[in-house]
Amino acid sequence: MEQAGKDQSTQRVHWYNNQVNRVRWAGVDSDEYRLQCGVRKGVLSSPIRFNLYVNELIECLSKEHVGCHIGETCFYNISYADDMVVLGPSISAVKHLVRLCESYAQQHGLSYNASKSEVVILKARKYNTKTLPEIMLGGVALKIVDKFKYLGHIITRELSDDMDVERERRALAVRGNMLARRFARCNEEVKLTLFKAYCQTFYTCSLWVRFTQKAYNTLRVQYNNVLRMLLRRPKHCSASGMFAEARTDDFFAIRRKRIASLPGRVRGSSNSMLRTLVDRLDCPLTKYWVDVIIGRDK
């Protein structure tokens, strides 16, 4: 076993020390070149290697205690792989965290892409944020935006979920039209299987709390219309009757199931920030979860 471990370690070193790369364009290969950083895609050890590389930065940020506090828990950083968000209660706090990130990158031979980095100032009721000092990254002033997308979820400075609900509605319309066009001649059983697989995800819908009834109803109608289109039902047929006949979940049932499953998974997480949010009874997210589960959101 020990010899096998040594052989595997030697093989990994060989991968990184001896790999060469080419770019193929229009059937033509470029000259060979070497990569001086990064991890190989598709290799089981790559996520572990990346975590070892980045964890030191996260630990460095956590020691500063300059993030946003909820109770005694400090929210300073949210990271998923190489997608990172730093949180601060003030411009100076965010500047400090950005400088730490930039310093860490320089020490390890990396650099941040300022054109792919943005700043969002969450709207405060009592403070005017029209004039703001610049936040620099690599000598470039970061762009201040009204919204940004993190892991596919749209976050706005007003913390409204309308834009994310609309994102999901558009995605649902695209998927529904694709299914109706490509599988028009299939039987209903096949269509229902495809509908459940492609049209009932409602990505991050469990996080929607602040939205207008107009945006919410538009998504619900879109969901109903997709099934009508797939099953070739009349435009004005009863939606509840259609879902009952098809023996599939309607819009409200999907939402309740998604929301009912999330609190349990969050409470079982080892992440202290997640547990802090879900355990607070005054959290808007927790309150809305209760409303949806007992049916008060209709």
# chains A, B, ... in the order shown; residues from 1 in each chain; ligands from 1

$ select_by_dssp --residues "region 149-281 of chain A" --states "strand (DSSP E or B)" --output "list in words"
Lys149, Tyr150, His153, Ile154, Ile155 and Thr156 of chain A

$ select_by_dssp --residues "region 36-239 of chain A" --states "alpha helix (DSSP H)" --output "ChimeraX atom specification"
/A:46-62,91-107,162-182,188-198,213-231,239

$ residues_around --residues "Ser238 (chain A)" --least-positions-apart "3" --cutoff "12 Å" --atoms "only C-alpha atoms" --output "number ranges by chain"
A: 221, 224-225, 227-228, 233-235, 241-245, 250

$ write_last_selection --atoms "N, CA and C atoms" --output "mmCIF file, in the first residue's frame"
data_model
loop_
_atom_site.group_PDB
_atom_site.id
_atom_site.type_symbol
_atom_site.label_atom_id
_atom_site.label_comp_id
_atom_site.auth_asym_id
_atom_site.auth_seq_id
_atom_site.Cartn_x
_atom_site.Cartn_y
_atom_site.Cartn_z
ATOM 1 N N VAL A 221 -47.637 31.295 -14.192
ATOM 2 C CA VAL A 221 -48.377 31.154 -15.449
ATOM 3 C C VAL A 221 -47.497 30.513 -16.521
ATOM 4 N N ASN A 224 -47.385 26.808 -15.915
ATOM 5 C CA ASN A 224 -48.623 26.166 -16.352
ATOM 6 C C ASN A 224 -48.694 26.070 -17.875
ATOM 7 N N ASN A 225 -48.284 27.140 -18.545
ATOM 8 C CA ASN A 225 -48.379 27.168 -20.003
ATOM 9 C C ASN A 225 -47.432 26.177 -20.673
ATOM 10 N N LEU A 227 -46.635 23.182 -19.564
ATOM 11 C CA LEU A 227 -47.275 21.870 -19.564
ATOM 12 C C LEU A 227 -48.445 21.836 -20.545
ATOM 13 N N ARG A 228 -49.212 22.924 -20.627
ATOM 14 C CA ARG A 228 -50.313 22.978 -21.611
ATOM 15 C C ARG A 228 -49.761 22.780 -23.025
ATOM 16 N N ARG A 233 -52.967 21.010 -24.506
ATOM 17 C CA ARG A 233 -54.236 21.297 -23.860
ATOM 18 C C ARG A 233 -54.734 22.668 -24.309
ATOM 19 N N PRO A 234 -56.030 22.911 -24.247
ATOM 20 C CA PRO A 234 -56.559 24.240 -24.613
ATOM 21 C C PRO A 234 -55.964 25.328 -23.729
ATOM 22 N N LYS A 235 -55.879 26.528 -24.257
ATOM 23 C CA LYS A 235 -55.241 27.631 -23.557
ATOM 24 C C LYS A 235 -55.901 27.948 -22.229
ATOM 25 N N GLY A 241 -56.756 21.106 -12.648
ATOM 26 C CA GLY A 241 -57.245 19.861 -13.212
ATOM 27 C C GLY A 241 -56.215 19.191 -14.103
ATOM 28 N N MET A 242 -55.462 19.994 -14.859
ATOM 29 C CA MET A 242 -54.439 19.457 -15.755
ATOM 30 C C MET A 242 -53.329 18.764 -14.969
ATOM 31 N N PHE A 243 -52.865 19.399 -13.881
ATOM 32 C CA PHE A 243 -51.806 18.789 -13.081
ATOM 33 C C PHE A 243 -52.306 17.554 -12.344
ATOM 34 N N ALA A 244 -53.560 17.592 -11.896
ATOM 35 C CA ALA A 244 -54.119 16.420 -11.214
ATOM 36 C C ALA A 244 -54.236 15.246 -12.176
ATOM 37 N N GLU A 245 -54.694 15.515 -13.395
ATOM 38 C CA GLU A 245 -54.828 14.463 -14.401
ATOM 39 C C GLU A 245 -53.463 13.896 -14.784
ATOM 40 N N ASP A 250 -47.996 20.796 -9.064
ATOM 41 C CA ASP A 250 -48.214 22.136 -9.599
ATOM 42 C C ASP A 250 -47.155 23.085 -9.036
#

$ atom_distance --atom1 "CA of Tyr112 (chain A)" --atom2 "CA of Lys63 (chain A)"
21.6 Å

$ residues_around --residues "Cys205 (chain A)" --least-positions-apart "3" --cutoff "10 Å" --atoms "only C-alpha atoms" --output "VMD selection string"
chain A and resid 153 161 164 to 165 168 201 to 202 208 to 209 254 to 255 258 to 259

$ residues_around --residues "region 274-277 of chain A" --least-positions-apart "4" --cutoff "12 Å" --atoms "only C-alpha atoms" --output "JSON, numbers by chain"
{"A": [69, 70, 71, 72, 73, 74, 75, 78, 262, 263, 264, 265, 266, 267, 268, 269, 270, 281, 282, 283, 284, 285, 286, 287]}

$ closest_residue --among "A:Ala141, A:Leu100, A:Val43, A:Ala81" --to "Ser62 (chain A)" --atoms "only C-alpha atoms"
A:Leu100

$ residues_around --residues "Ile121 (chain A)" --least-positions-apart "2" --cutoff "7 Å" --atoms "only C-alpha atoms" --output "PyMOL selection string"
chain A and resi 119+123+157

$ write_last_selection --atoms "N, CA, C and O atoms" --output "compact mmCIF listing (two decimals), in the first residue's frame"
# COMPACT_ATOMS: atom_id res chain seq x y z
N VAL A 119 -18.39 45.56 -7.59
CA VAL A 119 -18.76 46.00 -6.25
C VAL A 119 -20.25 46.32 -6.25
O VAL A 119 -20.75 47.01 -7.15
N LYS A 123 -28.37 48.65 -0.60
CA LYS A 123 -29.08 49.89 -0.31
C LYS A 123 -29.40 50.01 1.17
O LYS A 123 -29.95 49.10 1.78
N ARG A 157 -28.93 45.45 -5.48
CA ARG A 157 -28.60 46.30 -4.34
C ARG A 157 -29.81 46.54 -3.45
O ARG A 157 -29.67 46.84 -2.27

$ closest_residue --among "A:Leu207, A:Val28, A:Leu142, A:Leu194" --to "Val120 (chain A)" --atoms "only C-alpha atoms"
A:Leu142

$ residues_around --residues "Ser160 (chain A)" --least-positions-apart "3" --cutoff "8 Å" --atoms "only C-alpha atoms" --output "PyMOL selection string"
chain A and resi 155-157+163+209-211

$ closest_residue --among "A:Leu44, A:Glu189, A:Ser79, A:Gly67" --to "Lys95 (chain A)" --atoms "only C-alpha atoms"
A:Gly67
